[in-house]
file upload-v5.cif (mmCIF, C-alpha atoms and all ligand atoms)
data_coords
#
loop_
_atom_site.label_atom_id
_atom_site.label_comp_id
_atom_site.auth_asym_id
_atom_site.auth_seq_id
_atom_site.Cartn_x
_atom_site.Cartn_y
_atom_site.Cartn_z
CA MET R 1 118.99 100.06 87.53
CA LEU R 2 115.31 99.53 88.31
CA HIS R 3 113.72 99.35 91.73
CA VAL R 4 110.01 99.18 92.53
CA GLU R 5 108.65 98.82 96.02
CA GLY R 6 105.08 98.06 97.08
CA LEU R 7 103.43 98.89 93.76
CA THR R 8 99.65 98.74 93.76
CA LYS R 9 97.08 99.38 91.05
CA SER R 10 93.31 98.97 90.91
CA TYR R 11 90.88 99.42 88.05
CA LYS R 12 87.38 100.80 88.46
CA THR R 13 84.69 98.85 86.68
CA GLY R 14 81.23 100.35 87.14
CA ASP R 15 81.01 101.05 90.87
CA SER R 16 83.40 98.32 92.03
CA THR R 17 87.16 98.62 92.29
CA LEU R 18 89.22 95.64 91.25
CA PRO R 19 92.73 95.39 92.73
CA ILE R 20 95.15 94.17 90.02
CA LEU R 21 98.60 94.74 91.55
CA LYS R 22 98.66 94.12 95.29
CA GLY R 23 102.10 95.28 96.40
CA VAL R 24 104.78 94.29 93.92
CA SER R 25 108.48 94.82 94.70
CA LEU R 26 111.32 94.10 92.28
CA LEU R 27 114.98 95.01 91.96
CA VAL R 28 116.71 94.62 88.59
CA GLU R 29 120.44 95.24 88.22
CA GLN R 30 122.08 96.83 85.22
CA GLY R 31 122.65 94.26 82.47
CA GLU R 32 120.22 91.70 83.87
CA PHE R 33 117.83 89.73 81.64
CA VAL R 34 114.64 88.96 83.55
CA ALA R 35 111.61 87.00 82.32
CA ILE R 36 108.19 87.52 83.89
CA MET R 37 105.79 84.59 83.75
CA GLY R 38 102.37 83.86 85.21
CA PRO R 39 98.80 83.06 84.22
CA SER R 40 96.72 85.30 82.00
CA GLY R 41 95.12 88.07 84.04
CA SER R 42 97.72 87.95 86.84
CA GLY R 43 98.76 91.57 86.22
CA LYS R 44 101.90 91.18 84.10
CA SER R 45 100.92 93.73 81.45
CA THR R 46 99.60 96.15 84.06
CA PHE R 47 102.99 95.91 85.81
CA MET R 48 104.93 96.39 82.56
CA ASN R 49 102.85 99.46 81.72
CA MET R 50 103.88 100.98 85.07
CA LEU R 51 107.54 100.14 84.44
CA GLY R 52 107.21 101.64 80.95
CA CYS R 53 105.66 104.84 82.35
CA LEU R 54 102.58 104.25 80.20
CA ASP R 55 100.47 104.32 83.34
CA ARG R 56 100.91 105.32 86.98
CA PRO R 57 100.53 103.11 90.06
CA ASP R 58 98.09 104.00 92.85
CA SER R 59 100.85 103.66 95.44
CA GLY R 60 104.41 102.47 95.83
CA THR R 61 107.75 103.81 94.64
CA TYR R 62 109.60 103.39 91.37
CA THR R 63 113.20 104.38 90.68
CA LEU R 64 114.76 103.96 87.24
CA ASP R 65 118.39 104.76 86.46
CA GLY R 66 118.55 107.01 89.53
CA ILE R 67 115.32 108.90 88.72
CA GLU R 68 112.47 108.82 91.23
CA ILE R 69 109.63 108.18 88.76
CA SER R 70 106.80 108.32 91.29
CA SER R 71 107.31 112.05 91.87
CA LEU R 72 107.42 113.16 88.22
CA LYS R 73 104.85 115.37 86.53
CA ASP R 74 103.21 114.13 83.31
CA LYS R 75 105.54 116.06 81.02
CA GLN R 76 108.67 114.77 82.77
CA LEU R 77 107.20 111.28 82.73
CA ALA R 78 106.78 111.47 78.95
CA HIS R 79 110.40 112.58 78.68
CA VAL R 80 111.63 109.62 80.77
CA ARG R 81 109.48 107.28 78.68
CA ASN R 82 111.09 108.58 75.51
CA GLN R 83 114.67 108.75 76.78
CA LYS R 84 115.04 105.90 79.25
CA ILE R 85 112.66 103.19 78.13
CA GLY R 86 112.38 101.01 75.05
CA PHE R 87 109.08 99.13 74.84
CA VAL R 88 108.28 96.20 72.55
CA PHE R 89 104.67 95.00 72.29
CA GLN R 90 103.06 91.74 71.23
CA SER R 91 101.20 93.55 68.43
CA PHE R 92 104.33 95.41 67.19
CA ASN R 93 102.56 98.83 67.28
CA LEU R 94 104.25 100.12 64.13
CA LEU R 95 102.82 102.95 62.05
CA ALA R 96 101.22 101.06 59.15
CA ARG R 97 101.74 103.74 56.51
CA SER R 98 105.36 104.46 57.37
CA THR R 99 108.54 102.74 56.28
CA SER R 100 110.78 100.88 58.74
CA LEU R 101 113.15 103.82 58.63
CA HIS R 102 110.45 106.34 59.54
CA ASN R 103 109.10 104.11 62.32
CA VAL R 104 112.57 103.92 63.85
CA GLU R 105 113.17 107.65 63.43
CA LEU R 106 109.99 108.61 65.26
CA PRO R 107 111.25 108.42 68.89
CA MET R 108 114.19 110.62 67.89
CA MET R 109 111.83 113.25 66.46
CA TYR R 110 110.23 113.53 69.89
CA ALA R 111 113.71 113.71 71.37
CA GLY R 112 114.50 116.64 69.06
CA LEU R 113 117.49 115.17 67.20
CA SER R 114 118.56 116.67 63.89
CA ARG R 115 117.43 115.08 60.64
CA THR R 116 120.88 113.77 59.71
CA GLU R 117 121.45 112.38 63.19
CA ARG R 118 118.05 110.67 63.10
CA ARG R 119 118.71 109.14 59.74
CA SER R 120 122.15 107.80 60.59
CA ARG R 121 121.05 106.39 63.94
CA ALA R 122 117.94 104.75 62.42
CA VAL R 123 120.03 103.10 59.71
CA GLU R 124 122.50 101.91 62.35
CA ALA R 125 119.67 100.48 64.51
CA LEU R 126 118.11 98.67 61.53
CA LYS R 127 121.52 97.20 60.68
CA ARG R 128 121.84 96.05 64.26
CA VAL R 129 118.65 93.97 63.90
CA GLY R 130 119.67 92.71 60.46
CA LEU R 131 117.14 94.73 58.46
CA ALA R 132 119.27 97.22 56.55
CA GLU R 133 117.86 95.98 53.24
CA ARG R 134 114.25 96.42 54.46
CA MET R 135 114.65 100.10 55.38
CA HIS R 136 112.17 101.39 52.83
CA HIS R 137 109.58 98.65 53.35
CA LYS R 138 106.29 99.28 55.12
CA PRO R 139 104.94 96.91 57.80
CA THR R 140 102.58 95.16 55.34
CA GLN R 141 105.63 94.19 53.27
CA LEU R 142 107.34 92.56 56.25
CA SER R 143 106.91 89.21 58.02
CA GLY R 144 105.90 89.12 61.68
CA GLY R 145 109.47 88.47 62.79
CA GLN R 146 110.73 91.35 60.67
CA LYS R 147 108.06 93.69 62.06
CA GLN R 148 109.14 92.78 65.58
CA ARG R 149 112.76 93.47 64.65
CA VAL R 150 111.77 96.95 63.42
CA ALA R 151 109.99 97.45 66.75
CA ILE R 152 113.16 96.37 68.60
CA ALA R 153 115.26 98.80 66.54
CA ARG R 154 112.77 101.56 67.38
CA ALA R 155 112.90 100.64 71.07
CA LEU R 156 116.70 100.84 71.13
CA VAL R 157 117.30 103.91 69.05
CA ASN R 158 117.32 106.41 71.92
CA ARG R 159 119.74 104.15 73.82
CA PRO R 160 117.34 103.45 76.69
CA ALA R 161 118.36 102.35 80.18
CA ILE R 162 116.02 99.40 79.91
CA LEU R 163 114.26 97.34 77.25
CA LEU R 164 110.76 96.15 78.20
CA ALA R 165 109.02 93.52 76.09
CA ASP R 166 105.46 92.33 76.73
CA GLU R 167 104.94 88.93 75.03
CA PRO R 168 107.13 89.94 72.06
CA THR R 169 106.85 86.47 70.50
CA GLY R 170 103.11 86.09 71.18
CA ASN R 171 102.09 86.82 67.58
CA LEU R 172 104.96 84.95 65.93
CA ASP R 173 105.36 81.40 64.67
CA SER R 174 107.88 79.37 66.63
CA ARG R 175 110.74 79.89 64.16
CA SER R 176 110.39 83.69 64.18
CA GLY R 177 109.95 83.53 67.95
CA THR R 178 113.27 81.71 68.32
CA GLU R 179 114.88 84.27 66.01
CA ILE R 180 113.58 87.14 68.15
CA MET R 181 114.83 85.45 71.32
CA ALA R 182 118.27 85.02 69.75
CA MET R 183 118.16 88.76 69.14
CA PHE R 184 117.28 89.51 72.77
CA GLN R 185 120.14 87.28 73.90
CA GLU R 186 122.53 89.08 71.61
CA LEU R 187 121.38 92.44 73.00
CA HIS R 188 121.78 91.12 76.52
CA GLY R 189 125.34 90.08 75.58
CA GLN R 190 125.93 93.68 74.51
CA GLY R 191 124.91 94.88 77.99
CA VAL R 192 121.26 95.84 77.43
CA THR R 193 119.05 95.42 80.54
CA ILE R 194 115.90 93.50 79.57
CA ILE R 195 112.58 92.60 81.20
CA LEU R 196 110.45 90.32 79.07
CA VAL R 197 106.98 88.89 79.69
CA THR R 198 106.09 85.48 78.30
CA HIS R 199 103.90 82.56 79.30
CA GLU R 200 106.16 80.04 77.59
CA LEU R 201 109.00 78.45 79.55
CA ASP R 202 110.79 77.77 76.24
CA ILE R 203 110.99 81.52 75.74
CA ALA R 204 111.69 82.42 79.38
CA GLN R 205 114.66 80.06 79.54
CA HIS R 206 116.64 82.52 77.40
CA ALA R 207 116.65 84.91 80.39
CA GLN R 208 118.84 84.66 83.52
CA ARG R 209 116.09 84.94 86.08
CA ILE R 210 112.38 84.10 86.14
CA VAL R 211 109.88 86.10 88.17
CA THR R 212 106.40 84.57 88.50
CA PHE R 213 103.20 86.55 89.03
CA LYS R 214 99.95 85.21 90.42
CA ASP R 215 96.86 87.25 91.31
CA GLY R 216 98.75 90.54 91.38
CA VAL R 217 101.74 89.49 93.48
CA ILE R 218 105.13 87.92 92.81
CA ILE R 219 105.08 84.33 94.08
CA ARG R 220 108.49 83.19 92.79
CA ASP R 221 111.76 84.84 91.82
CA GLU R 222 114.60 82.49 90.92
CA PRO R 223 117.57 81.92 88.62
CA VAL R 224 116.48 80.26 85.39
CA GLU R 225 118.46 77.07 86.21
CA ASP R 226 116.42 76.56 89.41
CA ARG R 227 113.17 76.91 87.54
CA LEU R 228 114.22 74.50 84.79
CA PHE R 229 115.43 72.02 87.40
CA ALA R 230 112.18 72.33 89.38
CA THR R 231 110.17 71.70 86.19
CA SER R 232 112.20 68.69 85.10
CA SER R 233 112.16 67.09 88.58
CA ALA R 234 108.39 67.63 88.76
CA GLU R 235 108.10 65.73 85.49
CA VAL R 236 110.26 62.95 86.87
CA ILE R 237 108.02 62.68 89.94
CA VAL R 238 104.87 62.64 87.84
CA THR R 239 106.10 59.95 85.43
P1 LIG F 301 98.24 89.74 82.18
O1 LIG F 301 99.09 90.61 81.31
O2 LIG F 301 98.99 89.04 83.26
O3 LIG F 301 97.43 88.77 81.37
P2 LIG F 301 96.82 92.18 82.74
O4 LIG F 301 97.74 93.04 83.50
O5 LIG F 301 96.61 92.51 81.30
O6 LIG F 301 97.19 90.65 82.94
O7 LIG F 301 95.37 92.25 83.40
C1 LIG F 301 95.14 91.95 84.75
C2 LIG F 301 93.68 92.20 85.06
O8 LIG F 301 93.40 93.58 84.96
C3 LIG F 301 92.73 91.51 84.11
O9 LIG F 301 91.69 90.95 84.86
C4 LIG F 301 92.22 92.61 83.23
O10 LIG F 301 90.93 92.37 82.79
C5 LIG F 301 92.29 93.83 84.13
N1 LIG F 301 92.57 95.09 83.39
C6 LIG F 301 93.68 95.36 82.67
N2 LIG F 301 93.64 96.60 82.16
C7 LIG F 301 92.46 97.13 82.56
C8 LIG F 301 91.82 98.40 82.36
N3 LIG F 301 92.38 99.38 81.65
N4 LIG F 301 90.60 98.58 82.94
C9 LIG F 301 90.03 97.60 83.67
N5 LIG F 301 90.58 96.40 83.90
C10 LIG F 301 91.78 96.15 83.36
MG MG F 302 99.46 90.61 79.26
#
call {"tool": "encode", "arguments": {"input": "upload-v5.cif", "output": "structure tokens"}}
result
Amino acid sequence: MLHVEGLTKSYKTGDSTLPILKGVSLLVEQGEFVAIMGPSGSGKSTFMNMLGCLDRPDSGTYTLDGIEISSLKDKQLAHVRNQKIGFVFQSFNLLARSTSLHNVELPMMYAGLSRTERRSRAVEALKRVGLAERMHHKPTQLSGGQKQRVAIARALVNRPAILLADEPTGNLDSRSGTEIMAMFQELHGQGVTIILVTHELDIAQHAQRIVTFKDGVIIRDEPVEDRLFATSSAEVIVT
């Protein structure tokens, strides 16, 4: 489904160049649910932005759903971003003045779908996240958890190949966070491929596999059971 190989990215600050991603390779199969963990500043968001086609790497290759992303021109890249990728952000990124319905319809406007098609698919997506009765509400009239559910509906409405979520529970209280994770698990059960960034093991344990970043490289990649076992045995040793 998704394959990156040797991804690098540096940022220029003043006259120095700071390497952020130092050769990251990852293979994600269709239907997998992967959590990315790692300290703040280790490059997780930078990596997600590359996967989400929001930014381009300096070098390395990226293939998504059979498309060689690295060789695309900007216009094609925007098309892939709209058609193949659903992105959920920590800060929701909803249009403040628009209703849930309009927020969810937006990606389909870019995709050129008819008005009736947009409406029916947006309603269906909002039902899927349990928000049918909040269709005409604006973000200010919604709780954090509800806003994130609108964002998830928006991310899914073009039936993307992959759902990317960068700290989706980071701005939520723990109850709403658990609710959102239940939602991700349900989507995973329906066959959606998911990559989710979090720094909380409680959140990551809902995934199948945990990939750990440190200083711009992947230092661990393991099934969630191994990680949980490693953590609990470490506690046993310490106590
Ligand atoms: P994480 O999500 O793991 O916390 P990030 O990918 O956001 O880490 O950031 C990694 C490093 O890259 C940080 O040191 C950050 O300051 C730097 N960085 C991120 N985006 C930019 C940018 N647009 N310009 C310059 N530096 C950046
Ligand atoms: Mg981040």
call {"tool": "closest_residue", "arguments": {"input": "upload-v5.cif", "among": "R:Gln148, R:Asn49, R:Gln83, R:Ser70", "to": "R:Val197", "atoms": "all atoms listed in the file"}}
result
R:Asn49
call {"tool": "residues_near_ligand", "arguments": {"input": "upload-v5.cif", "ligand": "ligand MG 302 (chain F)", "cutoff": "12 Å", "atoms": "only C-alpha atoms and all ligand atoms", "output": "CSV table (one decimal) with C-alpha atoms, keeping the file's coordinate frame"}}
result
chain,number,residue,atom,x,y,z
R,36,ILE,CA,108.2,87.5,83.9
R,37,MET,CA,105.8,84.6,83.8
R,38,GLY,CA,102.4,83.9,85.2
R,39,PRO,CA,98.8,83.1,84.2
R,40,SER,CA,96.7,85.3,82.0
R,41,GLY,CA,95.1,88.1,84.0
R,42,SER,CA,97.7,88.0,86.8
R,43,GLY,CA,98.8,91.6,86.2
R,44,LYS,CA,101.9,91.2,84.1
R,45,SER,CA,100.9,93.7,81.4
R,46,THR,CA,99.6,96.2,84.1
R,47,PHE,CA,103.0,95.9,85.8
R,48,MET,CA,104.9,96.4,82.6
R,49,ASN,CA,102.8,99.5,81.7
R,89,PHE,CA,104.7,95.0,72.3
R,90,GLN,CA,103.1,91.7,71.2
R,91,SER,CA,101.2,93.6,68.4
R,165,ALA,CA,109.0,93.5,76.1
R,166,ASP,CA,105.5,92.3,76.7
R,167,GLU,CA,104.9,88.9,75.0
R,168,PRO,CA,107.1,89.9,72.1
R,170,GLY,CA,103.1,86.1,71.2
R,196,LEU,CA,110.4,90.3,79.1
R,197,VAL,CA,107.0,88.9,79.7
R,198,THR,CA,106.1,85.5,78.3
R,199,HIS,CA,103.9,82.6,79.3
R,213,PHE,CA,103.2,86.6,89.0
call {"tool": "atom_distance", "arguments": {"input": "upload-v5.cif", "atom1": "atom CA of R:Leu172", "atom2": "atom CA of R:Val104"}}
result
20.5 Å
call {"tool": "atom_distance", "arguments": {"input": "upload-v5.cif", "atom1": "atom CA of R:Ser120", "atom2": "atom CA of R:Leu2"}}
result
29.7 Å
call {"tool": "closest_residue", "arguments": {"input": "upload-v5.cif", "among": "R:Ser100, R:Ser16, R:Ala78, R:Leu7", "to": "R:Ser59", "atoms": "only C-alpha atoms"}}
result
R:Leu7
call {"tool": "residues_around", "arguments": {"input": "upload-v5.cif", "residues": "stretch 121-124 of chain R", "least_positions_apart": "3", "cutoff": "6 Å", "atoms": "only C-alpha atoms", "output": "number ranges by chain"}}
result
R: 104-105, 118, 127
call {"tool": "residues_near_point", "arguments": {"input": "upload-v5.cif", "point": "(113.5, 112.6, 70.2)", "cutoff": "10 Å", "atoms": "only C-alpha atoms", "output": "PyMOL selection string"}}
result
chain R and resi 79+82-83+105-114+118+157-158
call {"tool": "residues_around", "arguments": {"input": "upload-v5.cif", "residues": "R:Glu5", "least_positions_apart": "2", "cutoff": "7 Å", "atoms": "all atoms listed in the file", "output": "list in words"}}
result
His3, Leu7, Val24, Ser25, Leu26, Gly60, Thr61 and Tyr62 of chain R
call {"tool": "atom_distance", "arguments": {"input": "upload-v5.cif", "atom1": "atom CA of R:Gln190", "atom2": "atom CA of R:Leu228"}}
result
24.7 Å
call {"tool": "closest_residue", "arguments": {"input": "upload-v5.cif", "among": "R:Ile162, R:Ile152, R:Leu21, R:Val224", "to": "R:Gly6", "atoms": "all atoms listed in the file"}}
result
R:Leu21
call {"tool": "closest_residue", "arguments": {"input": "upload-v5.cif", "among": "R:Ala155, R:Leu64, R:Ala182, R:Ile219", "to": "R:Glu29", "atoms": "only C-alpha atoms"}}
result
R:Leu64
call {"tool": "residues_around", "arguments": {"input": "upload-v5.cif", "residues": "R:Ile195", "least_positions_apart": "3", "cutoff": "7 Å", "atoms": "all atoms listed in the file", "output": "ChimeraX atom specification"}}
result
/R:33-35,163-165
call {"tool": "residues_around", "arguments": {"input": "upload-v5.cif", "residues": "R:Met183", "least_positions_apart": "5", "cutoff": "9 Å", "atoms": "all atoms listed in the file", "output": "ChimeraX atom specification"}}
result
/R:129,149,178,188
call {"tool": "closest_residue", "arguments": {"input": "upload-v5.cif", "among": "R:Ala161, R:Asn171, R:Arg115, R:Leu126", "to": "R:Gly145", "atoms": "only C-alpha atoms"}}
result
R:Asn171
call {"tool": "residues_around", "arguments": {"input": "upload-v5.cif", "residues": "R:Ser174", "least_positions_apart": "6", "cutoff": "12 Å", "atoms": "all atoms listed in the file", "output": "PDB file with C-alpha atoms, in the frame of the given file"}}
result
ATOM      1  CA  GLY R 144     105.900  89.120  61.680  1.00  0.00           C
ATOM      2  CA  GLY R 145     109.470  88.470  62.790  1.00  0.00           C
ATOM      3  CA  PRO R 168     107.130  89.940  72.060  1.00  0.00           C
ATOM      4  CA  ILE R 180     113.580  87.140  68.150  1.00  0.00           C
ATOM      5  CA  MET R 181     114.830  85.450  71.320  1.00  0.00           C
ATOM      6  CA  GLU R 200     106.160  80.040  77.590  1.00  0.00           C
ATOM      7  CA  ASP R 202     110.790  77.770  76.240  1.00  0.00           C
ATOM      8  CA  ILE R 203     110.990  81.520  75.740  1.00  0.00           C
TER       9      ILE R 203
END
call {"tool": "residues_near_point", "arguments": {"input": "upload-v5.cif", "point": "(110.3, 103.0, 84.3)", "cutoff": "8 Å", "atoms": "all atoms listed in the file", "output": "ChimeraX atom specification"}}
result
/R:2,50-53,62-64,69,80-81,84-85
call {"tool": "closest_residue", "arguments": {"input": "upload-v5.cif", "among": "R:Val28, R:Thr231, R:Val4, R:Val150", "to": "R:Leu201", "atoms": "all atoms listed in the file"}}
result
R:Thr231
call {"tool": "axis_aligned_box", "arguments": {"input": "upload-v5.cif", "around": "ligand LIG 301 (chain F)", "padding_each_side": "8 Å", "output": "JSON"}}
result
{"center_x": 94.6, "center_y": 94.1, "center_z": 83.2, "size_x": 25.1, "size_y": 26.6, "size_z": 19.8}
call {"tool": "decode", "arguments": {"input": "upload-v5.cif", "residues": "stretch 163-174 of chain R", "atoms": "C-alpha atoms", "output": "short mmCIF file (atom, residue, chain, number, x, y, z; two decimals), in the first residue's frame"}}
result
data_model
loop_
_atom_site.label_atom_id
_atom_site.label_comp_id
_atom_site.auth_asym_id
_atom_site.auth_seq_id
_atom_site.Cartn_x
_atom_site.Cartn_y
_atom_site.Cartn_z
CA LEU R 163 -5.76 7.61 6.65
CA LEU R 164 -2.95 9.63 8.28
CA ALA R 165 -3.46 11.09 11.75
CA ASP R 166 -0.88 13.30 13.49
CA GLU R 167 -1.57 13.32 17.26
CA PRO R 168 -5.35 13.23 16.69
CA THR R 169 -6.04 12.96 20.43
CA GLY R 170 -3.45 15.58 21.45
CA ASN R 171 -6.03 18.31 22.07
CA LEU R 172 -8.67 16.06 23.63
CA ASP R 173 -9.47 15.07 27.20
CA SER R 174 -8.87 11.40 27.92
#
